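Participant: Supplied structure: work39.tsv, TSV, C-alpha atoms.
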```tsv
chain	number	residue	atom	x	y	z
A	1	MET	CA	0.00	0.00	0.00
A	2	ALA	CA	1.13	3.54	-0.71
A	3	LYS	CA	2.82	5.58	2.01
A	4	ALA	CA	2.82	9.39	1.90
A	5	ILE	CA	6.50	10.39	2.10
A	6	HIS	CA	6.93	13.97	0.94
A	7	THR	CA	5.48	17.08	-0.67
A	8	MET	CA	7.44	18.99	-3.28
A	9	VAL	CA	7.49	22.74	-3.86
A	10	ARG	CA	9.72	24.80	-6.14
A	11	VAL	CA	11.66	27.62	-4.52
A	12	LEU	CA	13.52	30.59	-5.93
A	13	ASP	CA	16.30	30.83	-3.33
A	14	LEU	CA	17.22	27.54	-1.69
A	15	ASP	CA	19.24	28.98	1.19
A	16	ARG	CA	16.47	31.43	2.05
A	17	SER	CA	13.90	28.61	2.12
A	18	ILE	CA	16.07	26.27	4.19
A	19	ASP	CA	16.60	29.07	6.69
A	20	PHE	CA	12.85	29.67	6.90
A	21	TYR	CA	11.89	26.02	7.41
A	22	GLN	CA	14.64	25.59	9.99
A	23	ARG	CA	13.62	28.62	12.04
A	24	ALA	CA	9.87	28.13	11.70
A	25	PHE	CA	9.52	24.35	12.09
A	26	GLY	CA	12.90	22.97	13.15
A	27	LEU	CA	13.27	21.16	9.82
A	28	GLU	CA	16.83	20.27	8.80
A	29	VAL	CA	18.28	19.14	5.49
A	30	ALA	CA	18.34	15.35	5.70
A	31	GLU	CA	19.73	14.91	2.19
A	32	ARG	CA	20.61	17.06	-0.77
A	33	PHE	CA	21.00	15.95	-4.37
A	34	ASP	CA	22.93	18.40	-6.57
A	35	PHE	CA	22.50	18.25	-10.32
A	36	ASP	CA	23.87	20.55	-12.99
A	37	ASP	CA	20.69	22.56	-13.41
A	38	PHE	CA	18.79	21.93	-10.19
A	39	VAL	CA	19.07	20.84	-6.58
A	40	LEU	CA	16.68	18.69	-4.53
A	41	ALA	CA	16.78	19.19	-0.76
A	42	TYR	CA	14.82	16.97	1.66
A	43	LEU	CA	13.84	18.57	4.97
A	44	ARG	CA	12.60	16.72	8.05
A	45	ASN	CA	12.59	16.86	11.83
A	46	ASP	CA	12.25	14.14	14.46
A	47	GLN	CA	8.47	14.55	14.76
A	48	SER	CA	7.66	12.74	11.53
A	49	ASP	CA	9.34	10.92	8.67
A	50	PHE	CA	7.25	12.95	6.21
A	51	GLU	CA	9.60	15.31	4.34
A	52	ILE	CA	9.42	18.56	2.43
A	53	GLU	CA	11.24	18.32	-0.89
A	54	LEU	CA	12.48	21.71	-2.06
A	55	THR	CA	13.32	21.93	-5.76
A	56	TRP	CA	15.67	24.73	-6.73
A	57	ASN	CA	15.87	25.23	-10.50
A	58	LYS	CA	19.04	27.30	-10.84
A	59	ASP	CA	17.95	29.19	-13.97
A	60	GLN	CA	14.56	30.23	-12.56
A	61	ALA	CA	14.47	34.02	-12.31
A	62	GLU	CA	10.76	34.85	-12.06
A	63	PRO	CA	8.80	34.09	-8.89
A	64	TYR	CA	6.70	30.94	-9.11
A	65	SER	CA	2.96	31.40	-9.41
A	66	HIS	CA	0.25	30.07	-7.12
A	67	GLY	CA	-2.97	28.67	-8.48
A	68	SER	CA	-6.32	28.52	-6.73
A	69	GLY	CA	-6.26	24.78	-6.10
A	70	TYR	CA	-3.36	23.87	-3.87
A	71	GLY	CA	-4.00	24.98	-0.30
A	72	HIS	CA	-1.32	24.41	2.27
A	73	LEU	CA	0.87	22.11	4.29
A	74	ALA	CA	-0.26	21.80	7.92
A	75	VAL	CA	1.87	21.22	10.98
A	76	SER	CA	0.77	20.80	14.58
A	77	VAL	CA	2.46	22.20	17.69
A	78	ASP	CA	1.87	21.62	21.39
A	79	ASP	CA	1.66	25.32	22.34
A	80	LEU	CA	0.15	27.44	19.59
A	81	ASP	CA	0.29	30.76	21.43
A	82	ALA	CA	3.93	30.31	22.37
A	83	GLU	CA	4.75	29.42	18.77
A	84	HIS	CA	2.85	32.44	17.50
A	85	SER	CA	4.85	34.71	19.81
A	86	ARG	CA	8.09	33.04	18.78
A	87	PHE	CA	7.22	33.46	15.09
A	88	GLU	CA	6.62	37.16	15.69
A	89	ALA	CA	9.90	37.54	17.55
A	90	GLU	CA	11.67	35.72	14.70
A	91	GLY	CA	10.19	38.12	12.17
A	92	LEU	CA	8.29	35.31	10.41
A	93	GLU	CA	5.16	37.48	10.18
A	94	PRO	CA	2.48	34.98	11.23
A	95	ASN	CA	-1.17	35.83	10.60
A	96	PRO	CA	-3.38	36.20	13.69
A	97	VAL	CA	-4.51	33.14	15.62
A	98	LYS	CA	-7.99	32.02	14.55
A	99	GLU	CA	-10.52	29.53	15.84
A	100	MET	CA	-12.92	27.37	13.83
A	101	PHE	CA	-16.17	26.14	15.35
A	102	ARG	CA	-18.76	23.60	14.18
A	103	ASP	CA	-22.09	23.22	15.97
A	104	GLY	CA	-20.67	25.30	18.78
A	105	ASP	CA	-17.65	23.05	19.31
A	106	LEU	CA	-14.11	24.26	18.84
A	107	LEU	CA	-12.63	22.27	15.97
A	108	ALA	CA	-9.33	24.01	15.48
A	109	ARG	CA	-7.06	26.79	16.74
A	110	PHE	CA	-4.48	27.81	14.16
A	111	PHE	CA	-2.57	30.52	12.38
A	112	PHE	CA	-1.17	30.74	8.89
A	113	VAL	CA	2.30	31.77	7.83
A	114	GLN	CA	3.83	32.05	4.37
A	115	ASP	CA	7.20	30.71	3.36
A	116	PRO	CA	9.54	32.95	1.30
A	117	ASP	CA	7.90	31.86	-1.98
A	118	GLY	CA	4.40	32.47	-0.69
A	119	TYR	CA	3.38	28.88	0.08
A	120	LYS	CA	0.90	28.88	2.92
A	121	ILE	CA	1.54	26.77	6.00
A	122	GLU	CA	-1.10	26.20	8.66
A	123	VAL	CA	0.14	25.86	12.22
A	124	LEU	CA	-2.45	24.04	14.36
A	125	GLN	CA	-2.77	23.51	18.09
A	126	GLN	CA	-2.40	19.77	18.77
A	127	ARG	CA	-5.88	18.56	19.67
A	128	GLY	CA	-8.78	16.60	18.19
A	129	ARG	CA	-8.08	15.70	14.58
A	130	TYR	CA	-4.82	17.62	14.54
A	131	LEU	CA	-2.31	15.53	16.50
B	1	MET	CA	8.49	21.18	17.65
B	2	ALA	CA	6.22	21.21	14.63
B	3	LYS	CA	4.91	17.95	13.20
B	4	ALA	CA	3.78	17.70	9.57
B	5	ILE	CA	0.21	16.37	9.71
B	6	HIS	CA	-1.57	17.04	6.43
B	7	THR	CA	-1.62	18.70	3.03
B	8	MET	CA	-4.75	20.47	1.80
B	9	VAL	CA	-6.05	20.67	-1.76
B	10	ARG	CA	-9.35	22.03	-3.04
B	11	VAL	CA	-11.43	19.66	-5.15
B	12	LEU	CA	-14.40	20.19	-7.40
B	13	ASP	CA	-16.22	16.90	-6.81
B	14	LEU	CA	-15.61	15.36	-3.40
B	15	ASP	CA	-16.99	11.90	-4.17
B	16	ARG	CA	-14.92	11.67	-7.34
B	17	SER	CA	-11.76	12.59	-5.43
B	18	ILE	CA	-12.43	10.22	-2.54
B	19	ASP	CA	-12.96	7.41	-5.06
B	20	PHE	CA	-9.66	8.25	-6.76
B	21	TYR	CA	-7.59	8.36	-3.58
B	22	GLN	CA	-9.17	5.15	-2.35
B	23	ARG	CA	-8.51	3.22	-5.54
B	24	ALA	CA	-5.06	4.67	-6.20
B	25	PHE	CA	-3.55	4.72	-2.72
B	26	GLY	CA	-5.88	2.87	-0.37
B	27	LEU	CA	-6.72	6.09	1.48
B	28	GLU	CA	-10.00	6.13	3.40
B	29	VAL	CA	-11.99	8.96	4.93
B	30	ALA	CA	-10.90	9.08	8.57
B	31	GLU	CA	-13.09	12.07	9.40
B	32	ARG	CA	-15.40	14.44	7.62
B	33	PHE	CA	-16.53	17.87	8.80
B	34	ASP	CA	-19.64	19.18	7.06
B	35	PHE	CA	-20.34	22.91	7.07
B	36	ASP	CA	-23.06	24.85	5.29
B	37	ASP	CA	-20.87	25.98	2.43
B	38	PHE	CA	-17.99	23.53	2.45
B	39	VAL	CA	-16.84	20.10	3.56
B	40	LEU	CA	-13.45	19.02	4.88
B	41	ALA	CA	-12.52	15.35	4.44
B	42	TYR	CA	-9.38	13.80	5.96
B	43	LEU	CA	-7.94	10.80	4.13
B	44	ARG	CA	-5.36	8.37	5.49
B	45	ASN	CA	-4.24	4.76	5.37
B	46	ASP	CA	-2.36	2.60	7.84
B	47	GLN	CA	1.04	3.36	6.30
B	48	SER	CA	1.31	6.84	7.81
B	49	ASP	CA	-0.54	9.25	10.05
B	50	PHE	CA	0.03	12.01	7.49
B	51	GLU	CA	-3.33	12.90	5.95
B	52	ILE	CA	-4.69	14.49	2.81
B	53	GLU	CA	-7.28	17.15	3.59
B	54	LEU	CA	-9.74	17.60	0.73
B	55	THR	CA	-11.68	20.87	0.78
B	56	TRP	CA	-14.91	20.88	-1.18
B	57	ASN	CA	-16.39	24.35	-1.58
B	58	LYS	CA	-19.95	23.60	-2.60
B	59	ASP	CA	-20.45	26.70	-4.74
B	60	GLN	CA	-17.26	26.25	-6.74
B	61	ALA	CA	-18.17	25.71	-10.38
B	62	GLU	CA	-14.98	26.46	-12.30
B	63	PRO	CA	-12.02	24.07	-12.17
B	64	TYR	CA	-9.27	25.18	-9.81
B	65	SER	CA	-6.09	26.50	-11.38
B	66	HIS	CA	-2.56	25.20	-10.91
B	67	GLY	CA	0.36	27.57	-10.56
B	68	SER	CA	3.98	26.86	-11.43
B	69	GLY	CA	5.17	26.59	-7.84
B	70	TYR	CA	3.49	23.69	-6.10
B	71	GLY	CA	4.84	20.39	-7.35
B	72	HIS	CA	3.33	17.22	-5.99
B	73	LEU	CA	2.62	14.86	-3.15
B	74	ALA	CA	4.82	11.76	-3.20
B	75	VAL	CA	3.97	8.27	-2.01
B	76	SER	CA	6.19	5.20	-1.96
B	77	VAL	CA	5.19	1.62	-2.79
B	78	ASP	CA	7.00	-1.70	-2.44
B	79	ASP	CA	6.43	-2.87	-6.03
B	80	LEU	CA	6.34	0.01	-8.49
B	81	ASP	CA	5.82	-2.09	-11.61
B	82	ALA	CA	2.91	-3.99	-10.09
B	83	GLU	CA	1.34	-0.72	-8.98
B	84	HIS	CA	1.81	0.77	-12.44
B	85	SER	CA	0.04	-2.22	-14.00
B	86	ARG	CA	-2.73	-2.01	-11.43
B	87	PHE	CA	-3.17	1.72	-12.09
B	88	GLU	CA	-3.50	0.99	-15.80
B	89	ALA	CA	-6.04	-1.75	-15.17
B	90	GLU	CA	-7.98	0.61	-12.89
B	91	GLY	CA	-8.09	3.25	-15.63
B	92	LEU	CA	-6.09	5.71	-13.53
B	93	GLU	CA	-3.93	6.63	-16.54
B	94	PRO	CA	-0.47	6.63	-14.97
B	95	ASN	CA	2.41	8.21	-16.87
B	96	PRO	CA	5.25	5.86	-17.90
B	97	VAL	CA	7.75	4.62	-15.31
B	98	LYS	CA	10.91	6.75	-15.31
B	99	GLU	CA	14.31	6.46	-13.69
B	100	MET	CA	16.50	9.26	-12.36
B	101	PHE	CA	20.27	8.87	-12.18
B	102	ARG	CA	22.99	10.93	-10.52
B	103	ASP	CA	26.69	10.25	-11.17
B	104	GLY	CA	25.64	6.96	-12.74
B	105	ASP	CA	23.71	5.79	-9.69
B	106	LEU	CA	19.99	5.12	-9.75
B	107	LEU	CA	18.35	7.60	-7.40
B	108	ALA	CA	14.70	6.96	-8.07
B	109	ARG	CA	12.21	4.84	-10.03
B	110	PHE	CA	8.81	6.48	-10.23
B	111	PHE	CA	5.76	7.39	-12.23
B	112	PHE	CA	3.37	10.30	-12.01
B	113	VAL	CA	-0.40	10.21	-11.94
B	114	GLN	CA	-2.92	13.04	-11.76
B	115	ASP	CA	-5.90	13.15	-9.45
B	116	PRO	CA	-9.30	14.25	-10.87
B	117	ASP	CA	-8.47	17.95	-10.31
B	118	GLY	CA	-5.07	17.66	-11.97
B	119	TYR	CA	-2.89	17.55	-8.85
B	120	LYS	CA	0.23	15.54	-9.61
B	121	ILE	CA	1.18	12.63	-7.40
B	122	GLU	CA	4.54	10.90	-7.66
B	123	VAL	CA	4.59	7.18	-6.96
B	124	LEU	CA	8.10	6.04	-6.02
B	125	GLN	CA	9.67	2.63	-5.62
B	126	GLN	CA	10.62	2.22	-1.95
B	127	ARG	CA	14.43	2.45	-1.85
B	128	GLY	CA	17.17	4.87	-0.85
B	129	ARG	CA	15.70	8.20	0.23
B	130	TYR	CA	12.16	7.12	-0.61
B	131	LEU	CA	11.09	4.71	2.12
```
Take the structure from the file and write it as structure tokens.

Facilitator:
Amino acid sequence: MAKAIHTMVRVLDLDRSIDFYQRAFGLEVAERFDFDDFVLAYLRNDQSDFEIELTWNKDQAEPYSHGSGYGHLAVSVDDLDAEHSRFEAEGLEPNPVKEMFRDGDLLARFFFVQDPDGYKIEVLQQRGRYL
Amino acid sequence: MAKAIHTMVRVLDLDRSIDFYQRAFGLEVAERFDFDDFVLAYLRNDQSDFEIELTWNKDQAEPYSHGSGYGHLAVSVDDLDAEHSRFEAEGLEPNPVKEMFRDGDLLARFFFVQDPDGYKIEVLQQRGRYL
């Protein structure tokens, strides 16, 4: 059976993106494959074996575009408010914390942040569905 | 520390997408949150606790667009050729199997498939980085 192992996004400046994912989510480069025209970098931390694959096409000059379909990668944290404060202190410009309710019950507490290429990442309080 | 828990994509026809992800990757709906205007469905299988969140906005009529930035979700399987044959028999229209080399070494064997909304999914033979 198929196992989800990574998500791939294209980035304009590999070092800038690695710095972001390290500071925001503690993700480190587990492996890096250098080719003549592009580099693949695989980022992970010890919370999961699911990786983010960053593709850096060396000759890409224009920013990548974002369609209306792809939404976001989500991560969970054990203290959302502390993480939000830390993101602000780090200059990562998180959006405000929001809450989502359904039939009066709190489903999710979360905030969004964007990586340097504008990919949205949802940071969720660990609870309920989001462990 | 942050834990990667899901990736979210918007889909035009929820039942069609759930059928695809079930047949292609054995993913089942673990939870579904119905709202007035939209539905969130969380898909997983027993290979990983990483989930795919499908968002169905009920009033969406036009197909979602795909930018140049987001790449794909990747899954690994233990027998790529058998899966490729099964995908063909299922009418899932997989692209041909490809191999990627670096300095003469085989890095990856894989094929791509598209979900009903055109999101690309890479199916990789389990080996090396892709376990």

Participant: Give as a list in words every residue of chain B that touches chain A within 6 Å, counting all atoms listed in the file.

Facilitator: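 Per the criterion, chain B yields Ala2, Lys3, Ala4, Ile5, His6, Thr7, Met8, Val9, Arg10, Phe25, Gln47, Tyr64, Ser65, His66, Gly67, Ser68, Gly69, Tyr70, Gly71, His72, Leu73, Ala74, Val75, Ser76 and Val77 of chain B.
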
Participant: Could those selected residues go to a file with C-alpha atoms, as an mmCIF file, keeping the file's coordinate frame?

Facilitator:
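Ended up saving to result-v8.cif:
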```cif
data_model
loop_
_atom_site.group_PDB
_atom_site.id
_atom_site.type_symbol
_atom_site.label_atom_id
_atom_site.label_comp_id
_atom_site.auth_asym_id
_atom_site.auth_seq_id
_atom_site.Cartn_x
_atom_site.Cartn_y
_atom_site.Cartn_z
ATOM 1 C CA ALA B 2 6.220 21.210 14.630
ATOM 2 C CA LYS B 3 4.910 17.950 13.200
ATOM 3 C CA ALA B 4 3.780 17.700 9.570
ATOM 4 C CA ILE B 5 0.210 16.370 9.710
ATOM 5 C CA HIS B 6 -1.570 17.040 6.430
ATOM 6 C CA THR B 7 -1.620 18.700 3.030
ATOM 7 C CA MET B 8 -4.750 20.470 1.800
ATOM 8 C CA VAL B 9 -6.050 20.670 -1.760
ATOM 9 C CA ARG B 10 -9.350 22.030 -3.040
ATOM 10 C CA PHE B 25 -3.550 4.720 -2.720
ATOM 11 C CA GLN B 47 1.040 3.360 6.300
ATOM 12 C CA TYR B 64 -9.270 25.180 -9.810
ATOM 13 C CA SER B 65 -6.090 26.500 -11.380
ATOM 14 C CA HIS B 66 -2.560 25.200 -10.910
ATOM 15 C CA GLY B 67 0.360 27.570 -10.560
ATOM 16 C CA SER B 68 3.980 26.860 -11.430
ATOM 17 C CA GLY B 69 5.170 26.590 -7.840
ATOM 18 C CA TYR B 70 3.490 23.690 -6.100
ATOM 19 C CA GLY B 71 4.840 20.390 -7.350
ATOM 20 C CA HIS B 72 3.330 17.220 -5.990
ATOM 21 C CA LEU B 73 2.620 14.860 -3.150
ATOM 22 C CA ALA B 74 4.820 11.760 -3.200
ATOM 23 C CA VAL B 75 3.970 8.270 -2.010
ATOM 24 C CA SER B 76 6.190 5.200 -1.960
ATOM 25 C CA VAL B 77 5.190 1.620 -2.790
#
```

Participant: Could you give me, as a PyMOL selection string, the residues within 10 Å of Phe20 in chain B, counting all atoms listed in the file and dropping anything in the same chain fewer than 3 positions from it?

Facilitator: chain B and resi 14-17+23-27+90+92+114-116

Participant: Hey, can you check how far CA of Ser85 in chain B sits from CA of Lys98 in chain B?

Facilitator: 14.2 Å

Participant: Can you tell me, as lines of an AutoDock Vina configuration file, the centre and edge lengths (Å, one decimal) of the axis-aligned box enclosing all of range 54-69 of chain B's listed atoms after padding each side by 5 Å?

Facilitator:
```
center_x = -7.6
center_y = 22.6
center_z = -5.8
size_x = 35.6
size_y = 20.0
size_z = 23.1
```

Participant: Which residues, written as a PyMOL selection string, have at least one atom at most 7 Å from Asn57 in chain B, with only C-alpha atoms counted and residues fewer than 3 positions away on the same chain left out?

Facilitator: chain B and resi 37-39+60

Participant: Within 6 Å of (-2.0, 31.5, 7.7) (file coordinates; only C-alpha atoms), which protein or nucleic acid residues are there? I'd like them as a VMD selection string.

Facilitator: chain A and resid 95 111 to 113 122

Participant: Please complete range 93-122 of chain B so it has N, CA and C atoms, and hand it over as a compact mmCIF listing (two decimals), in the coordinates of the input.

Facilitator:
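result.txt written:
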```txt
# COMPACT_ATOMS: atom_id res chain seq x y z
N GLU B 93 -4.77 5.94 -15.55
CA GLU B 93 -3.93 6.63 -16.54
C GLU B 93 -2.60 7.12 -15.98
N PRO B 94 -1.78 6.21 -15.45
CA PRO B 94 -0.47 6.63 -14.97
C PRO B 94 0.45 6.99 -16.13
N ASN B 95 1.36 7.93 -15.90
CA ASN B 95 2.41 8.21 -16.87
C ASN B 95 3.40 7.03 -16.86
N PRO B 96 4.28 6.97 -17.87
CA PRO B 96 5.25 5.86 -17.90
C PRO B 96 6.20 5.89 -16.70
N VAL B 97 6.72 4.72 -16.36
CA VAL B 97 7.75 4.62 -15.31
C VAL B 97 9.03 5.28 -15.82
N LYS B 98 9.65 6.08 -14.96
CA LYS B 98 10.91 6.75 -15.31
C LYS B 98 11.96 6.41 -14.25
N GLU B 99 13.21 6.64 -14.64
CA GLU B 99 14.31 6.46 -13.69
C GLU B 99 15.15 7.73 -13.66
N MET B 100 15.65 8.08 -12.49
CA MET B 100 16.50 9.26 -12.36
C MET B 100 17.85 8.82 -11.84
N PHE B 101 18.91 9.24 -12.56
CA PHE B 101 20.27 8.87 -12.18
C PHE B 101 21.06 10.10 -11.75
N ARG B 102 22.06 9.86 -10.91
CA ARG B 102 22.99 10.93 -10.52
C ARG B 102 24.37 10.31 -10.38
N ASP B 103 25.33 10.82 -11.15
CA ASP B 103 26.69 10.25 -11.17
C ASP B 103 26.63 8.74 -11.45
N GLY B 104 25.73 8.36 -12.34
CA GLY B 104 25.64 6.96 -12.74
C GLY B 104 24.84 6.08 -11.80
N ASP B 105 24.47 6.60 -10.65
CA ASP B 105 23.71 5.79 -9.69
C ASP B 105 22.22 6.05 -9.82
N LEU B 106 21.45 4.98 -9.72
CA LEU B 106 19.99 5.12 -9.75
C LEU B 106 19.51 5.75 -8.45
N LEU B 107 18.89 6.91 -8.58
CA LEU B 107 18.35 7.60 -7.40
C LEU B 107 16.90 7.24 -7.15
N ALA B 108 16.14 7.12 -8.24
CA ALA B 108 14.70 6.96 -8.07
C ALA B 108 14.08 6.27 -9.28
N ARG B 109 13.13 5.38 -9.01
CA ARG B 109 12.21 4.84 -10.03
C ARG B 109 10.82 5.30 -9.63
N PHE B 110 10.07 5.84 -10.60
CA PHE B 110 8.81 6.48 -10.23
C PHE B 110 7.91 6.62 -11.46
N PHE B 111 6.65 6.88 -11.18
CA PHE B 111 5.76 7.39 -12.23
C PHE B 111 4.87 8.44 -11.61
N PHE B 112 4.33 9.28 -12.46
CA PHE B 112 3.37 10.30 -12.01
C PHE B 112 1.97 9.91 -12.42
N VAL B 113 1.01 10.37 -11.61
CA VAL B 113 -0.40 10.21 -11.94
C VAL B 113 -1.07 11.52 -11.53
N GLN B 114 -2.18 11.84 -12.15
CA GLN B 114 -2.92 13.04 -11.76
C GLN B 114 -4.23 12.65 -11.11
N ASP B 115 -4.60 13.39 -10.07
CA ASP B 115 -5.90 13.15 -9.45
C ASP B 115 -6.97 13.85 -10.31
N PRO B 116 -8.25 13.71 -9.98
CA PRO B 116 -9.30 14.25 -10.87
C PRO B 116 -9.23 15.76 -11.08
N ASP B 117 -8.61 16.50 -10.15
CA ASP B 117 -8.47 17.95 -10.31
C ASP B 117 -7.14 18.34 -10.93
N GLY B 118 -6.33 17.36 -11.31
CA GLY B 118 -5.07 17.66 -11.97
C GLY B 118 -3.87 17.82 -11.04
N TYR B 119 -4.05 17.53 -9.75
CA TYR B 119 -2.89 17.55 -8.85
C TYR B 119 -2.00 16.35 -9.19
N LYS B 120 -0.71 16.61 -9.27
CA LYS B 120 0.23 15.54 -9.61
C LYS B 120 0.65 14.78 -8.36
N ILE B 121 0.71 13.49 -8.48
CA ILE B 121 1.18 12.63 -7.40
C ILE B 121 2.26 11.72 -7.96
N GLU B 122 3.40 11.71 -7.25
CA GLU B 122 4.54 10.90 -7.66
C GLU B 122 4.50 9.59 -6.88
```
